[in-house]
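A short worksheet on the structure shown next.
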Amino acid sequence: MNFDWIVVLIMAFVFEVIDAAFGQGYGTLGAPALLLLGYSPKEIIPAILLSQAMGGFIGGVLHHRFKNASFLWSRKSDLTKVSVIVVSGILGVAFSSFLGVKFLSKDALSWYIGIMVTLIGILLVSGWKVPFSWAKLYIIGIVSAFNKGMSGGGYGPLVTGGQIVIGVNPKAAVGITDLAEAPICMTGVFVWLLMGKALNWDLAIPLCIGAGIAPFLGAYITKIMKIRKFRKTLGIIVLILGVAALLKVLNP
């Protein structure tokens, strides 16, 4: 195991702890960090997607075990919300992964994600909500997964924050996001591979190890936080991520 492996593994662990605890941050933080380490976007995105699929599945199981969310099958359970986000998200991530391979436009996408994430953060911090509907959940799933396939990030802040804005319990929203990420991210990986892009296993393996271990701590953090404080904390994190994305575009 060389030094780069250790650095990437530690980064993946830290970012996935944040992601498993708050439903966001792994790709949004990991993609730019890996760029700084010298990896190319087309190496980063499929490796991020693969490792987050692992972290998301393990995180979903642990959120259910810690009772942050309930994934027993019933029409009103959190598993139904997962299925809505997955179905809509697979469409979004497949289309955007194709565009990402062919027409990756970094600046335009950064503006788009930065503005949307900032707006969601403002809504969360303000406590503003709209009535829940399945149509809104489908829209959240499509838009969030589109971002994920195009950039490797921008998924969690929108799908977690969007759920809370439409009235989903904040802790359940984190668990739903984690579990939904697994099939959505794997779809993105398959599309990248089908388009002829090979995985860089020297990057993907340490990412998968770090992301696979982290949910044990992340889901426990979700469990022990109080709901009101949890929503405000999520809002602040989302807002910071959005503003940081916009500042990065303004100061490349």
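By convention here, the chains of the structure tokens are called A, B, ... in the order presented, each chain's residues are numbered starting at 1, and ligands are numbered starting at 1 in the order presented.
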For region 59-71 of chain A, please output as a PyMOL selection string all residues within 10 Å (counting only C-alpha atoms; exclusion window: fewer than 6 positions along the same chain).
chain A and resi 16-17+19-21+23+52-53+77-82+169-182+211-220+222-224
Name all residues at most 8 Å from Leu239 (chain A) (count only C-alpha atoms; drop same-chain ones fewer than 3 positions away) and give them as a list in words.
Val117, Thr118, Leu119, Ile120, Gly121, Ile122, Gly235, Ile236, Gly242 and Val243 of chain A
Neighbour list for Phe15 (chain A) as a PyMOL selection string, cut-off 9 Å, only C-alpha atoms, skip fewer than 3 positions in-chain
chain A and resi 10-12+18-20+24-30+210-211+214
Could you write those residues out with C-alpha atoms, as a tab-separated table (two decimals), in the first residue's frame?
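Result saved to result38.tsv:
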```
chain	number	residue	atom	x	y	z
A	10	ILE	CA	-8.44	8.51	4.73
A	11	MET	CA	-10.15	11.14	2.58
A	12	ALA	CA	-12.84	8.65	1.54
A	18	ILE	CA	-20.05	13.19	6.75
A	19	ASP	CA	-22.17	11.73	3.95
A	20	ALA	CA	-23.58	8.87	6.03
A	24	GLN	CA	-24.34	14.63	1.62
A	25	GLY	CA	-20.71	15.52	1.12
A	26	TYR	CA	-18.92	12.46	-0.28
A	27	GLY	CA	-18.88	13.31	-3.97
A	28	THR	CA	-19.28	17.04	-3.42
A	29	LEU	CA	-16.15	17.15	-1.25
A	30	GLY	CA	-14.32	14.15	-2.72
A	210	GLY	CA	-12.71	4.10	3.15
A	211	ALA	CA	-16.32	4.54	2.05
A	214	ALA	CA	-17.25	5.03	7.36
```
Give the helix (DSSP H, G or I) residues of region 24-217 of chain A, as assigned by DSSP on the backbone, as an MDAnalysis selection string.
chainID A and resid 26:36 41:65 78:103 106:126 134:151 156:165 170:194 201:213 215:217
Need the shell around Pro206 (chain A): protein/DNA/RNA residues with any atom at most 8 Å away, counting only C-alpha atoms. Skip same-chain ones fewer than 3 positions apart. Format as a PyMOL selection string?
chain A and resi 5-6+8-9+12+202-203+209-210
Taking only C-alpha atoms into account, which of A:Val159, A:Leu35, A:Ala245, A:Val125 comes nearest Ile140 (chain A)?
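Comparing A:Val159, A:Leu35, A:Ala245, A:Val125 against Ile140 (chain A), the winner is A:Val159.
CA of Arg228 (chain A) is positioned 25.7 Å from CA of Ile58 (chain A).
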Atomic distance CA of Ser96 (chain A) - CA of Phe190 (chain A), expressed in Å with one decimal
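Answer for the CA of Ser96 (chain A) to CA of Phe190 (chain A) separation: 12.5 Å.
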Of the residues A:Pro32, A:Gly162, A:Gly38, A:Gly114, which is the one nearest to Ile142 (chain A), using only C-alpha atoms?
A:Gly162
Name the residues in contact with Gly141 (chain A) at a cut-off of 7 Å, using only C-alpha atoms, excluding same-chain residues fewer than 4 positions from it; report them as a PDB file with C-alpha atoms, in the first residue's frame.
```
ATOM      1  CA  ILE A  85     -35.886   8.154  -5.899  1.00  0.00           C
ATOM      2  CA  SER A  88     -36.333   8.573 -11.188  1.00  0.00           C
ATOM      3  CA  GLY A  89     -32.646   8.733 -10.313  1.00  0.00           C
ATOM      4  CA  LEU A 137     -40.078  13.414  -4.860  1.00  0.00           C
ATOM      5  CA  ALA A 145     -29.113  12.070  -9.957  1.00  0.00           C
ATOM      6  CA  VAL A 159     -31.947  14.890  -2.549  1.00  0.00           C
TER       7      VAL A 159
END
```
Rank A:Leu241, A:Ile166, A:Leu246, A:Val86 by their smallest atom-to-atom distance to Lys129 (chain A), using only C-alpha atoms, and report the top residue only.
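Answer, going by the shortest atom-to-atom distance: A:Ile166.
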